[in-house]
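Shown below: coords_10.txt, with compact mmCIF, C-alpha atoms.
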```txt
# COMPACT_ATOMS: atom_id res chain seq x y z
CA MET T 1 22.30 4.93 -27.83
CA ALA T 2 18.94 5.26 -26.12
CA PRO T 3 16.39 2.52 -26.93
CA HIS T 4 13.49 3.96 -28.88
CA VAL T 5 10.04 3.61 -27.40
CA HIS T 6 7.03 4.85 -29.30
CA PHE T 7 4.91 7.08 -27.11
CA GLU T 8 1.45 7.60 -28.46
CA HIS T 9 -0.66 10.41 -27.05
CA ARG T 10 -4.21 9.15 -26.58
CA LEU T 11 -7.24 10.81 -25.10
CA TRP T 12 -8.21 9.52 -21.71
CA GLU T 13 -10.98 6.92 -21.80
CA PHE T 14 -13.19 6.30 -18.81
CA PRO T 15 -12.21 2.89 -17.29
CA VAL T 16 -15.61 1.22 -17.21
CA SER T 17 -14.48 -2.25 -16.10
CA LEU T 18 -12.21 -1.01 -13.31
CA THR T 19 -14.85 1.42 -12.07
CA LEU T 20 -17.53 -1.29 -11.96
CA ILE T 21 -15.24 -3.66 -10.04
CA LEU T 22 -14.37 -1.00 -7.46
CA LEU T 23 -18.02 0.04 -7.13
CA LEU T 24 -18.98 -3.62 -6.57
CA LEU T 25 -16.36 -3.93 -3.83
CA ALA T 26 -17.61 -0.70 -2.28
CA ALA T 27 -21.22 -1.95 -2.34
CA LEU T 28 -20.30 -5.32 -0.78
CA TYR T 29 -18.23 -3.58 1.87
CA LEU T 30 -21.05 -1.15 2.72
CA ARG T 31 -23.52 -4.04 2.99
CA GLY T 32 -21.22 -5.96 5.32
CA TRP T 33 -20.43 -2.87 7.41
CA ILE T 34 -24.12 -2.06 7.94
CA SER T 35 -24.85 -5.69 8.83
CA LEU T 36 -21.97 -5.86 11.30
CA ARG T 37 -22.97 -2.53 12.83
CA SER T 38 -26.47 -3.79 13.55
CA GLU T 39 -25.51 -7.27 14.79
CA SER T 40 -22.17 -6.94 16.57
CA ALA T 41 -21.32 -5.35 19.89
CA LYS T 42 -17.97 -4.28 18.38
CA PRO T 43 -18.71 -2.80 14.95
CA VAL T 44 -16.06 -1.33 12.71
CA PRO T 45 -15.99 2.45 13.37
CA ALA T 46 -17.23 4.78 10.65
CA TRP T 47 -13.77 6.32 10.21
CA LYS T 48 -12.34 2.92 9.35
CA ALA T 49 -15.08 2.32 6.80
CA THR T 50 -14.32 5.72 5.29
CA SER T 51 -10.66 4.72 5.13
CA PHE T 52 -11.54 1.71 3.00
CA PHE T 53 -13.46 3.84 0.51
CA VAL T 54 -10.54 6.28 0.33
CA GLY T 55 -8.28 3.32 -0.50
CA LEU T 56 -10.57 2.31 -3.38
CA LEU T 57 -10.52 5.88 -4.66
CA LEU T 58 -6.72 5.93 -4.60
CA ILE T 59 -6.62 2.69 -6.61
CA TRP T 60 -8.94 4.22 -9.19
CA THR T 61 -6.80 7.35 -9.31
CA ALA T 62 -3.65 5.32 -9.95
CA TRP T 63 -5.11 2.87 -12.45
CA GLY T 64 -8.06 4.58 -14.09
CA SER T 65 -7.79 8.35 -13.85
CA PRO T 66 -6.08 10.57 -16.47
CA LEU T 67 -2.96 10.26 -14.30
CA ALA T 68 -2.56 6.66 -15.47
CA GLY T 69 -2.01 7.75 -19.07
CA TYR T 70 1.01 9.91 -18.41
CA ASP T 71 3.41 7.69 -16.49
CA HIS T 72 5.29 6.92 -19.73
CA ASN T 73 5.68 10.66 -20.36
CA LEU T 74 7.15 11.68 -17.02
CA LEU T 75 8.91 9.64 -14.38
CA THR T 76 7.22 11.86 -11.79
CA PHE T 77 3.80 10.58 -12.85
CA HIS T 78 5.10 7.02 -12.72
CA MET T 79 6.34 7.67 -9.18
CA ILE T 80 2.99 9.10 -8.11
CA LYS T 81 1.26 5.94 -9.35
CA HIS T 82 3.82 3.78 -7.58
CA LEU T 83 3.28 5.68 -4.31
CA LEU T 84 -0.51 5.49 -4.58
CA LEU T 85 -0.48 1.73 -5.22
CA MET T 86 2.23 0.72 -2.76
CA THR T 87 2.36 3.35 -0.01
CA PHE T 88 -1.05 5.02 0.28
CA ALA T 89 -3.88 2.76 -0.94
CA PRO T 90 -2.92 -0.46 0.96
CA PRO T 91 -2.91 1.02 4.50
CA PHE T 92 -6.20 2.82 3.88
CA LEU T 93 -7.77 -0.46 2.71
CA LEU T 94 -6.39 -2.54 5.58
CA LEU T 95 -7.48 0.01 8.19
CA GLY T 96 -11.03 -0.65 7.03
CA GLN T 97 -10.82 -4.28 8.23
CA PRO T 98 -11.93 -5.56 4.80
CA LEU T 99 -11.78 -9.29 5.56
CA LYS T 100 -13.98 -8.86 8.61
CA ILE T 101 -16.51 -6.82 6.67
CA PHE T 102 -16.58 -9.07 3.60
CA TRP T 103 -16.93 -12.07 5.89
CA GLN T 104 -20.03 -10.45 7.35
CA ALA T 105 -21.41 -9.83 3.86
CA MET T 106 -21.05 -13.50 2.83
CA SER T 107 -23.87 -15.99 2.83
CA GLY T 108 -23.81 -18.87 5.29
CA ARG T 109 -22.84 -21.31 2.55
CA ALA T 110 -19.94 -19.16 1.40
CA ARG T 111 -18.71 -18.83 4.99
CA GLY T 112 -18.75 -22.58 5.34
CA ILE T 113 -16.64 -23.03 2.21
CA PHE T 114 -14.08 -20.45 3.33
CA ASP T 115 -14.05 -21.94 6.82
CA HIS T 116 -13.22 -25.34 5.38
CA ILE T 117 -10.43 -23.89 3.23
CA SER T 118 -8.92 -21.71 5.94
CA LEU T 119 -8.81 -24.55 8.46
CA GLN T 120 -6.62 -26.68 6.21
CA PRO T 121 -3.13 -26.95 7.81
CA PHE T 122 -1.37 -26.16 4.54
CA VAL T 123 -3.39 -22.98 3.98
CA HIS T 124 -2.83 -21.92 7.58
CA ARG T 125 0.94 -22.36 7.26
CA VAL T 126 1.08 -20.48 3.95
CA VAL T 127 -0.85 -17.52 5.36
CA ARG T 128 1.27 -17.36 8.52
CA THR T 129 4.48 -17.54 6.50
CA ALA T 130 3.36 -14.97 3.94
CA THR T 131 2.51 -12.40 6.62
CA ARG T 132 5.72 -12.71 8.66
CA PRO T 133 7.35 -9.28 8.94
CA VAL T 134 10.71 -10.49 7.59
CA LEU T 135 9.13 -11.88 4.43
CA CYS T 136 6.84 -8.88 3.98
CA LEU T 137 9.79 -6.51 4.25
CA LEU T 138 11.88 -8.60 1.85
CA VAL T 139 9.12 -8.81 -0.77
CA SER T 140 8.31 -5.11 -0.68
CA SER T 141 11.99 -4.11 -0.85
CA LEU T 142 12.76 -6.43 -3.75
CA THR T 143 9.66 -5.28 -5.60
CA LEU T 144 10.66 -1.65 -5.21
CA VAL T 145 14.24 -2.18 -6.36
CA ALA T 146 13.59 -4.73 -9.12
CA TRP T 147 11.00 -2.71 -11.04
CA HIS T 148 13.25 0.35 -10.98
CA LEU T 149 16.15 -1.44 -12.63
CA PRO T 150 16.57 0.17 -16.07
CA ALA T 151 16.13 -3.11 -17.97
CA LEU T 152 12.83 -4.02 -16.30
CA PHE T 153 11.67 -0.42 -16.40
CA THR T 154 12.17 -0.35 -20.17
CA LEU T 155 10.39 -3.69 -20.55
CA CYS T 156 7.32 -2.29 -18.79
CA ALA T 157 7.38 0.80 -20.97
CA ARG T 158 7.34 -1.36 -24.10
CA SER T 159 4.74 -3.91 -23.00
CA MET T 160 1.26 -3.21 -21.65
CA THR T 161 1.21 -6.71 -20.17
CA TRP T 162 4.40 -6.23 -18.21
CA HIS T 163 3.24 -2.78 -17.19
CA ALA T 164 0.07 -4.30 -15.72
CA ILE T 165 2.15 -6.94 -13.91
CA GLU T 166 4.36 -4.21 -12.48
CA GLN T 167 1.42 -2.22 -11.14
CA THR T 168 -0.21 -5.34 -9.69
CA THR T 169 2.95 -6.38 -7.87
CA PHE T 170 3.36 -2.86 -6.50
CA PHE T 171 -0.11 -3.09 -4.99
CA GLY T 172 0.33 -6.66 -3.74
CA ALA T 173 3.69 -5.87 -2.16
CA GLY T 174 2.11 -2.82 -0.52
CA LEU T 175 -0.60 -4.97 1.06
CA LEU T 176 2.01 -7.41 2.36
CA PHE T 177 4.20 -4.62 3.72
CA TRP T 178 1.42 -2.90 5.67
CA TRP T 179 -0.12 -6.11 7.03
CA PRO T 180 2.26 -6.53 10.03
CA VAL T 181 1.99 -2.82 10.80
CA ILE T 182 -1.82 -2.62 10.86
CA GLU T 183 -2.56 -6.26 11.79
CA PRO T 184 -6.10 -6.37 10.34
CA TRP T 185 -8.60 -9.08 11.27
CA PRO T 186 -8.12 -12.03 11.55
CA SER T 187 -4.38 -11.66 12.21
CA THR T 188 -3.11 -11.68 15.78
CA SER T 189 0.06 -10.11 17.11
CA THR T 190 2.77 -12.69 17.78
CA GLY T 191 5.66 -10.46 18.81
CA SER T 192 6.61 -7.22 20.47
CA ARG T 193 5.24 -4.12 18.77
CA TRP T 194 8.60 -2.47 19.37
CA SER T 195 9.91 -4.52 16.47
CA ILE T 196 7.57 -2.64 14.14
CA LEU T 197 9.65 0.48 14.68
CA LEU T 198 12.72 -1.37 13.42
CA TYR T 199 10.60 -2.81 10.60
CA LEU T 200 9.56 0.67 9.44
CA PHE T 201 13.11 2.00 9.73
CA LEU T 202 14.58 -0.82 7.66
CA ALA T 203 11.86 -0.32 5.05
CA THR T 204 13.07 3.21 4.41
CA LEU T 205 16.59 2.08 3.52
CA PRO T 206 15.93 0.71 -0.01
CA CYS T 207 13.89 3.80 -0.77
CA ASP T 208 16.63 6.07 0.58
CA VAL T 209 19.29 4.37 -1.55
CA LEU T 210 17.19 4.43 -4.73
CA SER T 211 15.96 7.98 -4.21
CA GLY T 212 19.39 9.27 -3.29
CA PHE T 213 20.92 7.74 -6.39
CA LEU T 214 18.28 9.24 -8.69
CA VAL T 215 18.34 12.66 -7.02
CA PHE T 216 22.09 13.20 -6.95
CA SER T 217 23.02 11.42 -10.17
CA ASP T 218 24.02 13.67 -13.07
CA ARG T 219 23.04 10.98 -15.56
CA VAL T 220 19.58 9.88 -16.68
CA ALA T 221 18.83 6.39 -15.40
CA TYR T 222 15.89 5.69 -17.72
CA SER T 223 16.86 6.70 -21.22
CA ILE T 224 13.43 5.75 -22.59
CA TYR T 225 12.19 9.14 -21.47
CA PHE T 226 14.35 10.80 -24.13
CA SER T 227 11.75 9.49 -26.60
CA ALA T 228 8.80 10.82 -24.60
CA PRO T 229 7.16 14.19 -25.19
CA ARG T 230 8.27 16.67 -22.54
CA MET T 231 5.73 18.21 -20.19
CA PHE T 232 5.71 21.21 -17.84
CA GLY T 233 9.08 22.35 -19.17
CA LEU T 234 10.97 19.63 -17.27
CA SER T 235 14.06 18.11 -18.80
CA VAL T 236 14.54 14.35 -18.47
CA LEU T 237 17.11 14.80 -15.70
CA GLU T 238 14.95 17.33 -13.83
CA ASP T 239 12.00 14.97 -14.08
CA GLN T 240 14.13 12.17 -12.62
CA GLN T 241 15.24 14.34 -9.71
CA CYS T 242 11.69 15.52 -9.03
CA ALA T 243 10.34 11.96 -9.03
CA ALA T 244 13.05 10.71 -6.68
CA ALA T 245 12.63 13.64 -4.28
CA LEU T 246 8.87 12.98 -4.22
CA MET T 247 9.34 9.33 -3.34
CA TRP T 248 12.00 10.10 -0.73
CA THR T 249 9.85 12.70 1.03
CA CYS T 250 6.54 10.84 0.88
CA VAL T 251 7.86 7.49 2.09
CA THR T 252 9.76 9.07 4.97
CA LEU T 253 6.78 11.09 6.17
CA VAL T 254 4.24 8.29 5.69
CA TYR T 255 6.34 5.77 7.64
CA LEU T 256 6.77 8.27 10.47
CA VAL T 257 3.01 8.31 11.08
CA PRO T 258 2.61 4.63 12.13
CA ALA T 259 5.94 4.79 13.96
CA ALA T 260 4.64 7.69 16.06
CA ILE T 261 1.31 5.95 16.69
CA VAL T 262 2.95 2.67 17.73
CA SER T 263 5.41 4.49 20.00
CA THR T 264 2.61 6.47 21.65
CA LYS T 265 0.57 3.34 22.35
CA LEU T 266 3.55 1.46 23.74
CA LEU T 267 4.61 4.32 26.00
CA ALA T 268 1.10 5.19 27.21
CA PRO T 269 0.80 2.34 29.80
CA ARG T 270 4.27 3.16 31.14
CA ALA T 271 3.37 6.82 31.54
CA LEU T 272 0.12 5.81 33.20
CA ASN T 273 1.91 3.56 35.70
CA ASN T 274 4.20 6.43 36.67
CA SER T 275 1.28 8.74 37.34
CA VAL T 276 -1.00 8.76 40.36
CA VAL T 277 -4.02 6.84 39.16
CA PRO T 278 -6.37 4.63 41.20
CA GLN T 279 -5.70 0.95 40.63
CA GLY T 280 -9.17 0.24 39.25
CA ASP T 281 -8.96 3.08 36.74
CA GLN T 282 -5.49 1.90 35.67
CA ARG T 283 -6.79 -1.59 34.89
CA ASP T 284 -9.62 -0.09 32.87
CA TRP T 285 -7.17 2.04 30.85
CA GLU T 286 -4.88 -0.92 30.14
CA ALA T 287 -7.84 -2.97 28.97
CA VAL T 288 -8.63 -0.31 26.40
```
Show the structure stored in the file as C-alpha cells.
Amino acid sequence: MAPHVHFEHRLWEFPVSLTLILLLLAALYLRGWISLRSESAKPVPAWKATSFFVGLLLIWTAWGSPLAGYDHNLLTFHMIKHLLLMTFAPPFLLLGQPLKIFWQAMSGRARGIFDHISLQPFVHRVVRTATRPVLCLLVSSLTLVAWHLPALFTLCARSMTWHAIEQTTFFGAGLLFWWPVIEPWPSTSTGSRWSILLYLFLATLPCDVLSGFLVFSDRVAYSIYFSAPRMFGLSVLEDQQCAAALMWTCVTLVYLVPAAIVSTKLLAPRALNNSVVPQGDQRDWEAV
C-alpha cells in the first residue's frame, strides 16, 4: 500500500531571504571583479564573471522560483531541480573563479585571518583530500544514488528539513564533482589531464544505471506520487520515465562538453608539433 503524503497546493511566495543572499553575493563578486580588473595584469575575463552570475540565477531558479514548489507534484520537476543544483549551477559558479574574486573583495584584515587559517597544516591537508578526484567522484555518486532510494526520497517528501538537506547536499556534491574538472583558483593541477576524461566517463555510470532503471521499469519507484495531484496529463509512470530520460540526456550531453574541451587542449600541442611552425612561435603557443 502506498504511503500517504499530504500535498498542499500553495501559491508561490517570493523568496526574500534567498534573493537577498544571492544579491549580496553578486554585489561582492562584482566589487571584487572590478577591483581585480583595475589592479591585476591578469584579470578574470568578463565571460567568466557572467558565468558566475548565471550560476547564481540557476540557484535561485532551483530554490526560489515557482519551479521549487512543484517538485513534490511531479518527479520531472524534482529532476530539473536536481540537475540545476548538481549539474548546471556548480560549473557556472566555479568558472567565475569565485574564491579569487572574493579574496580581492576582502579587507586586508580579513585576508590576514584567512591566510592564517589556510596555512594551518591540518586545514591544508583537509582541503587537498576533499578535492581529490577519487573522493569527489565517490561523494557525488553516493549523493546521487542515496537520495533517489525510495525510503530517503519519501523521507524528504514528508519533511521540509530533510528536503532542504537533500537540496544542499546536491549542490555541495556538485561543487566537489566539478572542482577537479575546472580547477578554479587557488587549486593547482597535480596529475595528467587525461585522467579527467576517465573521471567524466565514470561519473556517467551511476546516472546511466539509475536513469535506465527508471526509464525501462514498468513499476513506479516512488509511490508517494500516487498521492500527488497530476499535472500536464502525465501518469505517475510516464512522469517517472520523463524525469529519468531528462536526467540521462542532460548529464550525458553536459559531461561531453568538458571532455571535448579537455581533449582539444591536450591534443593541440601535439598537432602543433606535427605542423610546420617556427620554433619561436611554437614556444609562444605552448606558453598560452
Contact check, region 160-278 of chain T to region 136-143 of chain T, at most 6 Å, counting all atoms listed in the file, closest pairs as JSON lines:
```
{"residue": "T:Ala173", "atom": "CA", "partner": "T:Ser140", "partner_atom": "CA", "distance": 4.9}
{"residue": "T:Leu176", "atom": "CA", "partner": "T:Cys136", "partner_atom": "CA", "distance": 5.3}
{"residue": "T:Phe177", "atom": "CA", "partner": "T:Cys136", "partner_atom": "CA", "distance": 5.0}
```
Subject >> Distance of CA of Leu36 (chain T) from CA of His124 (chain T), expressed in Å to one decimal place >> reply: 25.3 Å
**OP:** Grab the CA of Ser235 (chain T) to CA of Leu74 (chain T) distance for me, in Å with one decimal place.
**Re:**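 Interatomic distance, CA of Ser235 (chain T) to CA of Leu74 (chain T): 9.6 Å.
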**OP:** Might you pull out every residue within 8 Å of region 47-53 of chain T, with all atoms listed in the file counted and same-chain residues fewer than 5 positions away left off, and present them as a PyMOL selection string?
**Re:** chain T and resi 26+33+92-98
So that I have them on file, write out the residues from the current selection with C-alpha atoms, as a short mmCIF file (atom, residue, chain, number, x, y, z; two decimals), keeping the file's coordinate frame.
```
data_model
loop_
_atom_site.label_atom_id
_atom_site.label_comp_id
_atom_site.auth_asym_id
_atom_site.auth_seq_id
_atom_site.Cartn_x
_atom_site.Cartn_y
_atom_site.Cartn_z
CA ALA T 26 -17.61 -0.70 -2.28
CA TRP T 33 -20.43 -2.87 7.41
CA PHE T 92 -6.20 2.82 3.88
CA LEU T 93 -7.77 -0.46 2.71
CA LEU T 94 -6.39 -2.54 5.58
CA LEU T 95 -7.48 0.01 8.19
CA GLY T 96 -11.03 -0.65 7.03
CA GLN T 97 -10.82 -4.28 8.23
CA PRO T 98 -11.93 -5.56 4.80
#
```
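Taking CA of Ile21 (chain T) as the reference point, CA of Ile113 (chain T) is found at 23.0 Å.
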Subject >> Non-local contacts of Ala243 (chain T) (10 Å; only C-alpha atoms; under 6 positions in same chain excluded) as an MDAnalysis selection string >> reply: chainID T and resid 74:80 211 214:215 237
Original post:
Smallest atom-to-atom distance to Thr204 (chain T): which of T:Leu256, T:Ala245, T:Cys156, T:Ile101, using all atoms listed in the file?
Top reply: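 Closest to Thr204 (chain T) of all the choices is T:Leu256.
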Original post:
T:Ile182, T:Val257, T:Val251, T:Leu210: which is nearest Ala146 (chain T), counting only C-alpha atoms?
Top reply: T:Leu210
Original post:
Near Ile165 (chain T), within 12 Å and counting all atoms listed in the file, which residues show up once chain neighbours fewer than 6 positions away are dropped, as a PyMOL selection string?
Top reply: chain T and resi 143+147+152-153+155-157+159+171-173
Subject >> For Ala105 (chain T), the nearest of the candidates T:Phe122, T:Tyr29, T:Gln167, T:Thr129, counting only C-alpha atoms >> reply: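 Closest to Ala105 (chain T), using only C-alpha atoms: T:Tyr29.
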Original post:
So which one's closest to Arg37 (chain T), T:Ser187, T:Ser192, T:Gln104, T:Thr154? Using all atoms listed in the file, please.
Top reply: T:Gln104
Subject >> 8 Å contact set for Gly64 (chain T), all atoms listed in the file, chain neighbours under 2 positions out, as number ranges by chain >> reply: T: 14-15, 18-19, 59-62, 66-68
Original post:
Which residue gives the smallest distance to Pro206 (chain T) among T:Leu23, T:Met247, T:Ala110, T:Val134, with all atoms listed in the file counted?
Top reply: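 Answer, going by the shortest atom-to-atom distance: T:Met247.
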Subject >> Residue among T:Ala27, T:Ala89, T:Ala203, T:Leu83 lying closest to Val54 (chain T), counting only C-alpha atoms >> reply: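 When distances to Val54 (chain T) are compared using only C-alpha atoms, the smallest one comes from T:Ala89.
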Step by step, gather every atom of region 73-91 of chain T that the file lists, find the box along x, y and z that holds them, add 8 Å on each side, and finally give centre and edge lengths in Å to one decimal, as JSON.
```
{"center_x": 2.5, "center_y": 5.7, "center_z": -7.9, "size_x": 28.8, "size_y": 28.3, "size_z": 40.9}
```
Find the spatial neighbours of Phe213 (chain T), counting all atoms listed in the file, within a cut-off of 12 Å - ignore same-chain residues fewer than 3 positions away - and output them as a compact mmCIF listing (two decimals) with C-alpha atoms, in the frame of the given file.
```txt
# COMPACT_ATOMS: atom_id res chain seq x y z
CA VAL T 145 14.24 -2.18 -6.36
CA HIS T 148 13.25 0.35 -10.98
CA PRO T 206 15.93 0.71 -0.01
CA CYS T 207 13.89 3.80 -0.77
CA ASP T 208 16.63 6.07 0.58
CA VAL T 209 19.29 4.37 -1.55
CA LEU T 210 17.19 4.43 -4.73
CA PHE T 216 22.09 13.20 -6.95
CA SER T 217 23.02 11.42 -10.17
CA ASP T 218 24.02 13.67 -13.07
CA ARG T 219 23.04 10.98 -15.56
CA VAL T 220 19.58 9.88 -16.68
CA ALA T 221 18.83 6.39 -15.40
CA GLN T 240 14.13 12.17 -12.62
CA GLN T 241 15.24 14.34 -9.71
CA ALA T 243 10.34 11.96 -9.03
CA ALA T 244 13.05 10.71 -6.68
CA ALA T 245 12.63 13.64 -4.28
CA TRP T 248 12.00 10.10 -0.73
```
